[in-house]
>>> print(open('start-v9.csv').read())   # CSV, C-alpha atoms
chain,number,residue,atom,x,y,z
U,1,ASN,CA,28.2,25.8,52.8
U,2,THR,CA,31.8,25.7,53.7
U,3,THR,CA,32.5,24.1,50.4
U,4,ALA,CA,31.5,26.7,47.8
U,5,GLN,CA,31.1,24.5,44.7
U,6,ASN,CA,28.6,22.3,46.5
U,7,THR,CA,25.9,24.9,46.9
U,8,GLU,CA,26.2,26.3,43.4
U,9,HIS,CA,26.2,22.8,41.9
U,10,LEU,CA,23.0,21.8,43.8
U,11,SER,CA,21.1,25.1,43.1
U,12,GLN,CA,21.9,24.9,39.4
U,13,ARG,CA,20.6,21.3,39.1
U,14,GLN,CA,17.5,22.3,40.9
U,15,LYS,CA,16.9,25.3,38.7
U,16,ASN,CA,17.5,23.3,35.5
U,17,ASN,CA,15.2,20.5,36.5
U,18,ARG,CA,12.2,21.9,38.2
U,19,ALA,CA,9.0,22.0,36.1
U,20,ILE,CA,8.2,25.5,37.1
U,21,ARG,CA,11.4,27.0,35.6
U,22,GLU,CA,9.8,30.4,35.0
U,23,ARG,CA,9.7,30.7,38.8
U,24,ARG,CA,13.4,30.1,39.4
U,25,ARG,CA,13.5,32.8,42.1
U,26,PHE,CA,12.1,30.2,44.5
U,27,VAL,CA,15.4,28.2,44.1
U,28,GLN,CA,18.3,30.3,45.3
U,29,TRP,CA,21.9,29.6,45.0
U,30,GLN,CA,22.5,30.4,48.6
U,31,ALA,CA,20.6,30.7,51.9
U,32,PRO,CA,19.4,34.3,52.6
U,33,TRP,CA,21.8,34.4,55.6
U,34,GLY,CA,24.8,33.8,53.3
U,35,LYS,CA,26.3,30.8,51.6
U,36,HIS,CA,29.3,30.1,53.9
U,37,ASN,CA,28.0,31.5,57.1
U,38,PRO,CA,27.4,29.2,60.1
U,39,GLU,CA,24.0,28.1,61.3
U,40,SER,CA,24.0,30.8,64.0
U,41,ALA,CA,23.7,33.4,61.3
U,42,ARG,CA,20.1,32.4,60.5
U,43,MET,CA,17.6,35.0,61.5
U,44,HIS,CA,20.5,37.3,62.6
U,45,PHE,CA,22.2,38.3,59.4
U,46,ALA,CA,21.4,38.9,55.7
U,47,PRO,CA,23.6,40.1,52.8
U,48,PRO,CA,22.3,43.4,51.2
U,49,ARG,CA,20.4,41.7,48.4
U,50,TYR,CA,18.6,39.4,50.8
U,51,MET,CA,17.5,41.9,53.4
U,52,ASP,CA,13.9,41.6,52.3
U,53,ARG,CA,13.7,37.8,52.5
U,54,ASN,CA,11.7,36.0,55.2
U,55,GLN,CA,14.4,33.6,56.5
U,56,SER,CA,11.8,31.6,58.5
U,57,ALA,CA,10.1,30.6,55.2
U,58,VAL,CA,13.3,29.1,53.7
U,59,PHE,CA,13.9,25.4,53.4
U,60,PRO,CA,17.7,25.1,53.4
U,61,VAL,CA,19.5,22.3,51.7
U,62,VAL,CA,23.1,21.9,53.1
U,63,THR,CA,25.5,20.0,50.9
U,64,THR,CA,28.4,18.1,52.4
U,65,ARG,CA,31.6,16.4,51.3
U,66,HIS,CA,33.7,13.7,52.8
U,67,PRO,CA,36.2,15.3,55.1
U,68,TYR,CA,39.2,13.8,53.3
U,69,THR,CA,38.3,15.4,49.9
U,70,TRP,CA,37.1,18.6,51.5
U,71,LEU,CA,40.3,19.1,53.5
U,72,HIS,CA,42.5,18.6,50.4
U,73,THR,CA,40.4,21.2,48.5
U,74,MET,CA,40.4,23.7,51.4
U,75,CYS,CA,44.1,23.3,51.8
U,76,LYS,CA,44.6,24.6,48.3
U,77,HIS,CA,41.7,27.1,48.2
U,78,SER,CA,40.9,28.2,51.7
U,79,TYR,CA,38.7,31.1,50.9
U,80,SER,CA,38.3,33.3,54.1
U,81,ALA,CA,39.9,30.6,56.4
U,82,ARG,CA,43.4,31.0,57.5
U,83,TRP,CA,45.8,28.6,59.2
U,84,PRO,CA,49.6,28.2,58.9
U,85,HIS,CA,50.2,26.0,55.8
U,86,ASN,CA,51.7,26.0,52.4
U,87,ARG,CA,49.1,25.7,49.6
U,88,GLU,CA,51.8,24.3,47.3
U,89,MET,CA,52.6,21.5,49.7
U,90,CYS,CA,49.1,20.2,50.5
U,91,ASP,CA,50.0,16.7,49.2
U,92,VAL,CA,52.9,16.6,51.7
U,93,ARG,CA,51.5,18.4,54.9
U,94,ALA,CA,48.2,20.2,55.4
U,95,ASN,CA,49.0,21.2,59.0
U,96,LEU,CA,45.7,20.0,60.3
U,97,ASP,CA,47.0,20.4,63.9
U,98,LYS,CA,47.3,24.2,63.6
U,99,LYS,CA,44.7,26.7,64.8
U,100,LEU,CA,42.4,28.2,62.2
U,101,VAL,CA,40.6,31.5,62.0
U,102,VAL,CA,37.8,32.4,59.6
U,103,ARG,CA,36.1,35.7,58.9
U,104,TYR,CA,32.4,34.9,58.2
U,105,GLY,CA,30.4,37.6,56.4
U,106,SER,CA,28.0,37.4,59.3
U,107,ASN,CA,30.7,38.3,61.9
U,108,PRO,CA,30.6,41.7,63.5
U,109,VAL,CA,33.0,44.4,62.2
U,110,ASP,CA,35.9,45.3,64.5
U,111,PRO,CA,35.5,49.0,65.2
U,112,GLU,CA,39.2,49.5,65.5
U,113,THR,CA,40.3,47.8,62.2
U,114,GLY,CA,37.1,48.0,60.2
U,115,LYS,CA,37.5,44.4,59.3
U,116,LEU,CA,35.2,41.4,60.1
U,117,GLN,CA,36.0,39.9,63.5
U,118,LYS,CA,37.6,36.4,63.4
U,119,THR,CA,36.1,33.2,64.6
U,120,GLU,CA,38.7,30.8,66.0
U,121,HIS,CA,38.8,27.0,65.8
U,122,SER,CA,41.4,24.5,67.0
U,123,GLY,CA,42.0,23.3,63.5
U,124,PRO,CA,40.5,22.6,60.0
U,125,VAL,CA,39.1,19.2,61.0
U,126,GLN,CA,37.4,20.6,64.1
U,127,TRP,CA,36.0,23.5,62.0
U,128,TYR,CA,34.6,21.1,59.5
U,129,LYS,CA,32.8,19.1,62.3
U,130,GLU,CA,31.5,22.1,64.2
U,131,TRP,CA,30.1,23.9,61.1
U,132,HIS,CA,28.2,20.9,59.8
U,133,ASP,CA,27.2,19.6,63.2
U,134,LYS,CA,25.4,22.8,64.1
U,135,PHE,CA,23.1,22.3,61.1
U,136,PHE,CA,22.8,18.6,61.7
U,137,ARG,CA,21.7,19.0,65.3
U,138,SER,CA,19.3,21.9,64.7
U,139,THR,CA,15.7,21.1,65.4
U,140,LYS,CA,14.4,24.7,65.1
U,141,TYR,CA,13.3,24.5,61.4
U,142,PRO,CA,12.9,21.9,58.6
U,143,MET,CA,16.0,21.4,56.4
U,144,ALA,CA,17.9,18.7,54.5
U,145,MET,CA,21.5,17.7,54.3
U,146,VAL,CA,22.7,16.1,51.1
U,147,ARG,CA,26.0,14.4,50.3
U,148,PHE,CA,27.8,16.1,47.3
U,149,GLU,CA,29.0,12.6,46.3
U,150,ASP,CA,25.3,11.6,45.8
U,151,LEU,CA,24.7,14.7,43.7
U,152,ILE,CA,27.5,13.5,41.4
U,153,PHE,CA,26.6,9.9,41.1
U,154,ARG,CA,22.9,9.9,41.8
U,155,PRO,CA,21.7,13.3,40.7
U,156,VAL,CA,18.2,12.4,39.5
U,157,GLU,CA,17.3,10.6,42.7
U,158,VAL,CA,18.6,13.4,44.9
U,159,VAL,CA,17.1,16.3,43.0
U,160,THR,CA,13.8,14.5,42.6
U,161,SER,CA,13.7,13.9,46.4
U,162,ILE,CA,14.3,17.5,47.1
U,163,CYS,CA,11.7,18.7,44.7
U,164,ASP,CA,9.2,16.3,46.2
U,165,CYS,CA,10.0,17.5,49.7
U,166,VAL,CA,9.2,21.1,48.9
U,167,GLY,CA,6.1,20.3,46.8
U,168,GLY,CA,7.7,20.7,43.4
U,169,THR,CA,7.5,18.4,40.4
U,170,MET,CA,10.3,17.4,38.0
U,171,ALA,CA,10.3,18.4,34.4
U,172,LYS,CA,10.7,15.7,31.8
U,173,GLY,CA,14.2,15.1,30.7
U,174,PHE,CA,16.9,15.6,33.4
U,175,GLU,CA,19.5,18.2,32.3
U,176,PHE,CA,23.2,17.8,33.1
U,177,ARG,CA,25.7,20.6,33.2
U,178,GLN,CA,29.1,19.5,31.9
U,179,GLU,CA,30.9,22.7,32.9
U,180,SER,CA,31.6,23.8,36.5
U,181,SER,CA,28.8,25.5,38.4
U,182,ASN,CA,31.4,27.9,39.9
U,183,VAL,CA,31.2,30.6,37.3
U,184,GLY,CA,31.0,34.4,37.5
U,185,PRO,CA,32.6,37.0,39.8
U,186,GLY,CA,33.1,35.7,43.4
U,187,HIS,CA,32.1,32.2,42.5
U,188,GLY,CA,34.5,29.5,43.6
U,189,HIS,CA,38.0,29.4,42.2
U,190,HIS,CA,40.0,28.6,39.1
U,191,GLY,CA,40.2,24.9,38.5
U,192,SER,CA,36.8,24.1,39.9
U,193,SER,CA,35.5,20.7,38.8
U,194,GLY,CA,33.1,20.1,36.0
U,195,LEU,CA,30.9,17.0,35.7
U,196,LEU,CA,33.4,14.6,34.1
U,197,SER,CA,36.3,15.7,36.3
U,198,SER,CA,34.0,15.3,39.3
U,199,PHE,CA,33.3,11.7,38.4
U,200,VAL,CA,37.1,11.1,38.4
U,201,LYS,CA,37.7,13.1,41.6
U,202,TYR,CA,35.0,11.7,43.7
U,203,GLY,CA,35.3,8.2,42.2
U,204,THR,CA,38.9,8.0,43.5
U,205,PRO,CA,39.2,5.6,46.5
U,206,LEU,CA,39.2,7.4,49.8
U,207,GLU,CA,42.4,5.5,50.7
U,208,ASN,CA,44.2,7.5,48.0
U,209,TYR,CA,43.2,10.8,49.7
U,210,TYR,CA,44.0,9.5,53.2
U,211,ASP,CA,47.5,8.4,52.1
U,212,MET,CA,48.2,11.9,50.8
U,213,PHE,CA,48.0,13.2,54.4
U,214,SER,CA,51.1,13.2,56.5
U,215,PRO,CA,51.4,11.0,59.5
U,216,GLU,CA,50.8,14.0,61.7
U,217,ASP,CA,47.7,15.0,59.8
U,218,GLN,CA,46.4,11.4,59.9
U,219,ARG,CA,46.6,11.4,63.6
U,220,VAL,CA,44.5,14.6,63.8
U,221,LEU,CA,42.0,13.0,61.5
U,222,LYS,CA,41.9,9.8,63.5
U,223,TYR,CA,41.4,11.4,66.9
U,224,THR,CA,39.0,14.2,65.9
U,225,LEU,CA,36.7,12.2,63.6
U,226,ALA,CA,36.7,9.1,65.9
U,227,LEU,CA,35.0,11.1,68.6
U,228,ASP,CA,32.1,12.0,66.3
U,229,LYS,CA,28.8,10.2,66.8
U,230,GLY,CA,26.7,12.7,65.0
U,231,PHE,CA,27.1,14.2,61.6
U,232,ILE,CA,30.1,12.2,60.3
U,233,GLU,CA,28.6,8.9,61.3
U,234,SER,CA,25.1,9.6,60.2
U,235,MET,CA,26.2,10.8,56.7
U,236,GLY,CA,28.0,7.4,56.3
U,237,TYR,CA,31.4,9.0,55.9
U,238,ARG,CA,33.6,6.1,56.7
U,239,LYS,CA,37.0,6.5,58.2
U,240,ILE,CA,40.1,4.9,56.7
U,241,ARG,CA,41.9,2.7,59.1
U,242,ARG,CA,45.5,1.7,58.4
U,243,PRO,CA,47.7,-0.7,60.5
U,244,ASN,CA,49.2,1.3,63.4
U,245,HIS,CA,46.8,4.3,62.8
>>> encode(input="start-v9.csv", output="structure tokens")
Amino acid sequence: NTTAQNTEHLSQRQKNNRAIRERRRFVQWQAPWGKHNPESARMHFAPPRYMDRNQSAVFPVVTTRHPYTWLHTMCKHSYSARWPHNREMCDVRANLDKKLVVRYGSNPVDPETGKLQKTEHSGPVQWYKEWHDKFFRSTKYPMAMVRFEDLIFRPVEVVTSICDCVGGTMAKGFEFRQESSNVGPGHGHHGSSGLLSSFVKYGTPLENYYDMFSPEDQRVLKYTLALDKGFIESMGYRKIRRPNH
């Protein structure tokens, strides 16, 4: 997923709560085509440790976040995405109108530089929409999309539904992780949210996040998200409307 902590949080809850815990290898912390890679990487790319996996036999669960909270996080911890902005000034201006480039692990290597080639987007908001919408509109294989907010506030119902969907059964006694799931080398970033801090973070009214965007960023959000009749609308991610916005 474009939001790293989402996938780790979900896979950890699935592993902790499935009855067949001795068979945890069936619940992976990332898809075999890579955690952050786009939908187009499926069946065309695999990290070294996943080269032997049958990607057509995988039931992917894509976790999402409301664009307002996701954009604030990405502004401060942008991973492999790059656009002109100051990470120390994200509460003032996130520069959502600037072009963005990202180097996915599934991108070809540039023979001249030896680096992964860049994928360009018109901006962070458009990137968010395009990445999620490709999964949302795919009809080539079964999959599920889960709101991260539901994992925080309704974890039992969400994980139970996923287990039922893939033919699993829930163990007795749901286990909660208090610490962040972003642990270990290459996992997430410093300051990742644990369970209690997630309650506070995702329980904060969306209006508060929207008001932290500059007028310029709010205009980008308004016009880009208002055009969406697919992923954003179907996931119930409501838009904040202010007078004169």
>>> atom_distance(input="start-v9.csv", atom1="CA of Leu96 (chain U)", atom2="CA of Ile152 (chain U)")
27.0 Å
>>> closest_residue(input="start-v9.csv", among="U:Phe199, U:Trp33, U:Glu157, U:Met89", to="Met170 (chain U)", atoms="all atoms listed in the file")
U:Glu157
>>> closest_residue(input="start-v9.csv", among="U:Tyr237, U:Phe148, U:Phe153, U:Tyr209", to="His72 (chain U)", atoms="all atoms listed in the file")
U:Tyr209
>>> residues_around(input="start-v9.csv", residues="Pro124 (chain U)", least_positions_apart="6", cutoff="8 Å", atoms="all atoms listed in the file", output="short mmCIF file (atom, residue, chain, number, x, y, z; two decimals) with C-alpha atoms, keeping the file's coordinate frame")
data_model
loop_
_atom_site.label_atom_id
_atom_site.label_comp_id
_atom_site.auth_asym_id
_atom_site.auth_seq_id
_atom_site.Cartn_x
_atom_site.Cartn_y
_atom_site.Cartn_z
CA LEU U 71 40.30 19.10 53.50
CA LEU U 96 45.70 20.00 60.30
CA ASP U 97 47.00 20.40 63.90
CA LYS U 98 47.30 24.20 63.60
CA LYS U 99 44.70 26.70 64.80
CA LEU U 100 42.40 28.20 62.20
#
>>> atom_distance(input="start-v9.csv", atom1="CA of Cys165 (chain U)", atom2="CA of Tyr68 (chain U)")
29.7 Å
>>> closest_residue(input="start-v9.csv", among="U:Pro155, U:Leu221, U:Glu207, U:Gln28", to="Tyr128 (chain U)", atoms="only C-alpha atoms")
U:Leu221
>>> closest_residue(input="start-v9.csv", among="U:Pro48, U:Pro60, U:Asn37, U:Thr160", to="Ser80 (chain U)", atoms="all atoms listed in the file")
U:Asn37
